[in-house]
$ cat entry.cif   # mmCIF, C-alpha atoms and all ligand atoms
data_final
#
loop_
_atom_site.label_atom_id
_atom_site.label_comp_id
_atom_site.auth_asym_id
_atom_site.auth_seq_id
_atom_site.Cartn_x
_atom_site.Cartn_y
_atom_site.Cartn_z
CA MET M 1 66.39 40.19 69.06
CA ALA M 2 69.06 39.76 71.70
CA SER M 3 71.66 41.53 69.59
CA ASN M 4 69.30 44.35 68.74
CA PRO M 5 66.99 44.72 71.75
CA ASP M 6 63.69 46.48 71.22
CA HIS M 7 63.46 48.69 74.28
CA SER M 8 59.90 49.63 73.41
CA GLN M 9 58.80 46.16 74.47
CA ALA M 10 60.80 46.12 77.67
CA ASP M 11 59.88 49.64 78.68
CA PRO M 12 56.57 51.34 77.76
CA HIS M 13 58.33 54.72 77.98
CA ALA M 14 60.98 53.75 75.42
CA SER M 15 59.15 55.34 72.48
CA ALA M 16 59.02 58.61 74.40
CA SER M 17 62.71 58.49 75.21
CA VAL M 18 63.67 57.55 71.64
CA TYR M 19 61.65 60.57 70.57
CA GLU M 20 63.50 62.73 73.11
CA LEU M 21 66.89 61.42 71.96
CA ILE M 22 66.24 62.02 68.27
CA ARG M 23 64.61 65.39 68.97
CA SER M 24 67.72 66.44 70.89
CA ARG M 25 69.99 65.33 68.03
CA VAL M 26 67.98 67.24 65.45
CA LEU M 27 67.80 70.38 67.59
CA ARG M 28 71.51 70.31 68.40
CA GLU M 29 72.17 69.67 64.69
CA GLU M 30 73.99 66.43 65.42
CA ILE M 31 71.66 65.34 62.62
CA PRO M 32 72.15 68.30 60.24
CA PRO M 33 69.28 70.35 58.79
CA ASN M 34 67.90 69.19 55.45
CA ALA M 35 69.60 65.77 55.72
CA ARG M 36 68.35 62.26 54.96
CA ILE M 37 67.78 60.11 58.04
CA ASN M 38 69.03 56.54 57.96
CA ILE M 39 66.49 54.74 60.14
CA ASP M 40 68.45 51.50 60.42
CA ALA M 41 71.69 53.27 61.37
CA LEU M 42 69.85 55.39 63.95
CA ALA M 43 68.16 52.31 65.42
CA ARG M 44 71.51 50.54 65.73
CA GLU M 45 73.08 53.57 67.36
CA LEU M 46 70.25 53.91 69.89
CA GLU M 47 70.17 50.13 70.40
CA VAL M 48 66.48 49.82 69.61
CA SER M 49 64.53 48.28 66.76
CA SER M 50 63.34 50.43 63.89
CA THR M 51 59.78 50.50 65.29
CA PRO M 52 60.29 53.15 68.04
CA VAL M 53 62.53 55.10 65.67
CA ARG M 54 59.75 55.22 63.06
CA GLU M 55 57.25 56.18 65.78
CA ALA M 56 59.57 58.97 66.98
CA LEU M 57 60.00 60.25 63.42
CA ARG M 58 56.22 60.41 63.01
CA GLN M 59 56.09 62.56 66.16
CA LEU M 60 58.95 64.73 64.96
CA GLN M 61 57.05 65.26 61.73
CA GLY M 62 54.30 66.76 63.90
CA ASP M 63 56.93 69.13 65.31
CA ASN M 64 57.93 70.03 61.74
CA LEU M 65 61.48 68.91 62.51
CA VAL M 66 61.40 66.15 59.87
CA VAL M 67 59.40 65.53 56.71
CA GLN M 68 58.54 62.25 55.07
CA GLU M 69 59.42 62.03 51.42
CA PRO M 70 57.25 59.56 49.48
CA GLY M 71 59.23 56.36 48.94
CA ARG M 72 62.45 57.94 50.24
CA GLY M 73 62.11 57.96 54.01
CA TYR M 74 62.57 60.94 56.29
CA ARG M 75 64.62 64.11 55.99
CA THR M 76 65.23 66.86 58.56
CA THR M 77 63.63 70.19 57.70
CA PRO M 78 65.84 73.19 56.82
CA ILE M 79 66.46 75.84 59.50
CA LEU M 80 64.56 79.12 59.38
CA ASN M 81 65.84 81.94 57.24
CA ALA M 82 65.92 85.55 58.51
CA ALA M 83 62.50 86.43 57.07
CA GLU M 84 60.88 83.34 58.62
CA LEU M 85 62.40 84.18 62.02
CA ARG M 86 61.05 87.72 61.78
CA GLU M 87 57.58 86.43 60.84
CA LEU M 88 57.62 84.07 63.80
CA PHE M 89 58.35 86.88 66.22
CA GLU M 90 55.77 89.14 64.58
CA PHE M 91 53.19 86.43 65.22
CA ARG M 92 54.36 86.01 68.81
CA LEU M 93 54.18 89.77 69.37
CA LEU M 94 50.58 89.79 68.18
CA VAL M 95 49.48 86.93 70.41
CA GLU M 96 51.58 86.72 73.55
CA PRO M 97 51.34 90.25 75.02
CA TRP M 98 47.56 89.84 74.72
CA ALA M 99 47.76 86.42 76.41
CA ALA M 100 49.86 87.84 79.27
CA LYS M 101 47.28 90.60 79.77
CA ILE M 102 44.40 88.10 79.88
CA ALA M 103 46.37 85.88 82.28
CA ALA M 104 46.88 88.82 84.66
CA MET M 105 43.18 89.74 84.53
CA ASP M 106 41.92 86.26 85.32
CA ARG M 107 42.02 85.64 89.04
CA LEU M 108 40.56 82.12 88.83
CA GLN M 109 42.97 80.73 86.24
CA ASN M 110 45.93 82.94 87.09
CA PRO M 111 49.03 80.88 86.20
CA GLY M 112 51.20 82.69 88.76
CA TYR M 113 51.95 79.59 90.78
CA VAL M 114 52.89 77.50 87.73
CA LEU M 115 55.16 80.26 86.43
CA GLU M 116 56.78 80.65 89.84
CA ARG M 117 57.52 76.91 90.01
CA GLU M 118 58.97 76.98 86.49
CA ILE M 119 61.28 79.86 87.40
CA ALA M 120 62.34 78.12 90.63
CA ASP M 121 63.18 74.91 88.73
CA ILE M 122 65.27 76.60 86.05
CA THR M 123 67.01 78.81 88.62
CA ASP M 124 67.97 75.70 90.55
CA LEU M 125 69.40 74.18 87.35
CA ILE M 126 71.35 77.34 86.54
CA GLY M 127 73.09 76.94 89.88
CA ARG M 128 74.18 73.41 89.03
CA GLN M 129 74.91 73.46 85.30
CA SER M 130 77.14 75.79 83.27
CA ASP M 131 75.33 75.30 79.93
CA ILE M 132 71.57 75.14 80.23
CA ARG M 133 70.59 76.07 76.68
CA TYR M 134 68.63 72.92 75.90
CA GLU M 135 66.89 72.86 79.28
CA LEU M 136 66.19 76.59 78.96
CA MET M 137 64.35 75.94 75.70
CA ASP M 138 62.07 73.38 77.36
CA HIS M 139 61.51 75.74 80.30
CA ASP M 140 60.61 78.50 77.85
CA ILE M 141 58.12 76.23 76.04
CA ARG M 142 56.37 75.40 79.34
CA PHE M 143 56.47 78.99 80.64
CA HIS M 144 54.86 80.50 77.54
CA ASP M 145 52.35 77.66 77.17
CA ALA M 146 51.18 78.14 80.79
CA ILE M 147 50.32 81.75 79.95
CA LEU M 148 48.56 80.83 76.70
CA ARG M 149 46.66 78.02 78.43
CA SER M 150 45.29 80.43 81.02
CA THR M 151 43.51 82.41 78.28
CA SER M 152 41.24 79.37 77.69
CA ASN M 153 41.38 80.20 73.99
CA GLU M 154 42.15 76.93 72.26
CA VAL M 155 42.22 78.51 68.79
CA VAL M 156 45.07 80.80 69.82
CA ARG M 157 46.85 78.10 71.80
CA THR M 158 46.69 75.64 68.89
CA ALA M 159 47.83 78.23 66.35
CA TYR M 160 50.75 79.10 68.59
CA ALA M 161 51.67 75.45 69.23
CA GLN M 162 51.68 74.73 65.51
CA THR M 163 54.46 77.25 64.93
CA HIS M 164 56.80 75.18 67.17
CA CYS M 165 58.54 78.50 67.54
CA HIS M 166 60.91 77.48 70.32
CA LEU M 167 62.21 74.43 68.47
CA HIS M 168 62.86 76.30 65.26
CA ALA M 169 64.43 79.31 66.94
CA PHE M 170 66.67 76.95 68.93
CA ARG M 171 67.95 75.30 65.75
CA LEU M 172 68.82 78.70 64.39
CA HIS M 173 70.67 79.62 67.55
CA PRO M 174 70.51 77.77 70.88
CA GLY M 175 70.33 81.02 72.84
CA GLU M 176 71.80 81.94 76.15
CA ARG M 177 74.30 79.62 77.74
CA THR M 178 73.47 80.77 81.28
CA GLY M 179 69.84 81.82 80.83
CA GLU M 180 70.32 84.95 82.92
CA PHE M 181 68.48 87.37 80.61
CA THR M 182 65.61 85.04 79.80
CA VAL M 183 64.98 84.16 83.42
CA ALA M 184 65.20 87.82 84.53
CA GLU M 185 62.60 88.74 81.89
CA HIS M 186 60.40 85.83 82.93
CA ARG M 187 60.50 87.09 86.52
CA VAL M 188 59.13 90.45 85.41
CA ILE M 189 56.32 88.77 83.45
CA HIS M 190 55.53 86.50 86.39
CA ALA M 191 55.43 89.40 88.88
CA ALA M 192 52.96 91.33 86.72
CA ILE M 193 50.69 88.33 86.14
CA ARG M 194 50.79 87.24 89.77
CA GLY M 195 50.15 90.83 90.85
CA HIS M 196 47.10 91.12 88.55
CA GLU M 197 48.59 93.98 86.55
CA PRO M 198 47.34 93.47 82.97
CA GLU M 199 49.08 96.41 81.32
CA ALA M 200 52.39 95.66 83.03
CA ALA M 201 52.11 91.98 82.00
CA GLU M 202 51.40 92.93 78.41
CA GLN M 203 54.39 95.28 78.32
CA ALA M 204 56.70 92.79 80.07
CA MET M 205 55.87 90.14 77.49
CA ARG M 206 56.41 92.56 74.64
CA ASP M 207 59.78 93.56 76.11
CA HIS M 208 60.79 89.92 76.57
CA LEU M 209 59.95 88.91 73.00
CA THR M 210 61.69 91.96 71.60
CA ALA M 211 64.81 91.26 73.64
CA ALA M 212 64.72 87.58 72.63
CA TYR M 213 64.45 88.54 68.95
CA LEU M 214 67.38 90.92 69.29
CA ARG M 215 69.47 88.23 70.98
CA PHE M 216 68.87 85.96 67.99
CA GLU M 217 69.57 88.78 65.59
CA VAL M 218 72.88 89.65 67.27
CA ALA M 219 73.98 86.07 67.84
CA HIS M 220 73.16 84.78 64.41
CA GLY M 221 74.10 87.85 62.44
CA VAL M 222 70.54 87.99 61.15
CA ASN M 223 70.08 91.14 59.17
CA SER M 224 66.52 91.01 58.06
CA GLY M 225 66.12 94.65 57.16
CA ALA M 226 63.45 96.37 59.18
CA PRO M 227 61.56 93.81 61.24
CA TYR M 228 58.15 95.05 62.23
CA LEU M 229 58.14 94.65 65.98
CA PRO M 230 55.22 96.76 67.14
CA GLY M 231 56.13 99.50 69.56
CA THR M 232 59.80 98.64 69.65
CA HIS M 233 61.44 100.68 66.91
CA GLU M 234 62.01 103.66 69.13
CA ASP M 235 63.31 101.93 72.23
CA ARG M 236 65.54 99.25 70.80
CA PRO M 237 68.36 98.64 73.34
CA ALA M 238 71.57 100.21 72.13
CA ALA M 239 73.99 97.85 73.86
CA THR M 240 72.79 94.56 72.40
CA THR M 241 76.34 93.44 71.74
CA SER M 242 76.95 93.30 75.48
CA LEU M 243 74.40 90.50 75.84
CA SER M 244 76.07 87.22 76.64
CA LEU M 245 74.51 84.62 74.45
ZN ZN C 1 60.41 83.29 77.34
#

$ encode --input "entry.cif" --output "structure tokens" --more "lines below"
Ligand SMILES: [Zn+2]
Amino acid sequence: MASNPDHSQADPHASASVYELIRSRVLREEIPPNARINIDALARELEVSSTPVREALRQLQGDNLVVQEPGRGYRTTPILNAAELRELFEFRLLVEPWAAKIAAMDRLQNPGYVLEREIADITDLIGRQSDIRYELMDHDIRFHDAILRSTSNEVVRTAYAQTHCHLHAFRLHPGERTGEFTVAEHRVIHAAIRGHEPEAAEQAMRDHLTAAYLRFEVAHGVNSGAPYLPGTHEDRPAATTSLSL
């Protein structure tokens, strides 16, 4: 025990941090996609017993970042292909502009304050850190969830959560190093929701998702043919190559 301390017994938060550590390794592809996971080696490396590692892997299975193979342990899932990325954004474009509109209409559950705090926190981090890609992903998860939560539609929120869209998009490409485009687009969404402007909020969300998709497409060299992004075929930005990713 002394040579292989089980941090989960010393610290009740250890399971959560082991989860965070392994999640980070999978997302950054330090553990490659579609690779077997050696639980004992990982436990030794993280200086914990195999128990919190197994617990973390069960959680990561819920995130669809690993799968359990009967009798053979865990394996990381493959990264998305171009068609899967396109489908993910098509789903987001169906759900999230609507959610932003509902959020702007609802004065009682308006998430303006939460969104403002999120933007302030990530802006503060941008000022202190040159590469914020991982933190930006977590900010993005919270930002979009706050908008979905304010619709009070648990069916939509659950369906969205089950896509784990941010995690899988991040594995494909970790996005903007500085976060400048994402945060600027989030500011526009926030202003429309806070200002109770449903149509503007809907449009701002559509613009943000379209721009995010194009950033992935440019960065990853995804050429998925003709992605159906409603209302965007005509006004696709011409200078996408100037985006700093
Ligand atoms: Zn976003």

$ residues_near_ligand --input "entry.cif" --ligand "ligand ZN 1 (chain C)" --cutoff "10 Å" --atoms "all atoms listed in the file" --output "list in words"
Leu136, Met137, His139, Asp140, Ile141, Arg142, Phe143, His144, Asp145, His166, Phe181, Thr182, Val183, Ala184, Glu185, His186, Arg187, Ile189, Met205, His208, Leu209, Ala211 and Ala212 of chain M

$ atom_distance --input "entry.cif" --atom1 "CA of Ile119 in chain M" --atom2 "CA of Ile102 in chain M"
20.2 Å

$ closest_residue --input "entry.cif" --among "M:Ser150, M:Thr158, M:Gln59, M:Gln129" --to "Leu115 in chain M" --atoms "all atoms listed in the file"
M:Ser150

$ atom_distance --input "entry.cif" --atom1 "CA of Arg72 in chain M" --atom2 "CA of Tyr19 in chain M"
20.5 Å

$ atom_distance --input "entry.cif" --atom1 "CA of Glu30 in chain M" --atom2 "CA of Ala56 in chain M"
16.3 Å

$ residues_around --input "entry.cif" --residues "Arg177 in chain M" --least-positions-apart "3" --cutoff "10 Å" --atoms "all atoms listed in the file" --output "PDB file with C-alpha atoms, keeping the file's coordinate frame"
ATOM      1  CA  ILE M 126      71.350  77.340  86.540  1.00  0.00           C
ATOM      2  CA  GLN M 129      74.910  73.460  85.300  1.00  0.00           C
ATOM      3  CA  SER M 130      77.140  75.790  83.270  1.00  0.00           C
ATOM      4  CA  ASP M 131      75.330  75.300  79.930  1.00  0.00           C
ATOM      5  CA  ILE M 132      71.570  75.140  80.230  1.00  0.00           C
ATOM      6  CA  ARG M 133      70.590  76.070  76.680  1.00  0.00           C
ATOM      7  CA  TYR M 134      68.630  72.920  75.900  1.00  0.00           C
ATOM      8  CA  LEU M 136      66.190  76.590  78.960  1.00  0.00           C
ATOM      9  CA  PRO M 174      70.510  77.770  70.880  1.00  0.00           C
ATOM     10  CA  GLU M 180      70.320  84.950  82.920  1.00  0.00           C
ATOM     11  CA  SER M 244      76.070  87.220  76.640  1.00  0.00           C
ATOM     12  CA  LEU M 245      74.510  84.620  74.450  1.00  0.00           C
TER      13      LEU M 245
END

$ closest_residue --input "entry.cif" --among "M:Thr210, M:Pro32, M:Thr151, M:Ser24" --to "Leu108 in chain M" --atoms "all atoms listed in the file"
M:Thr151
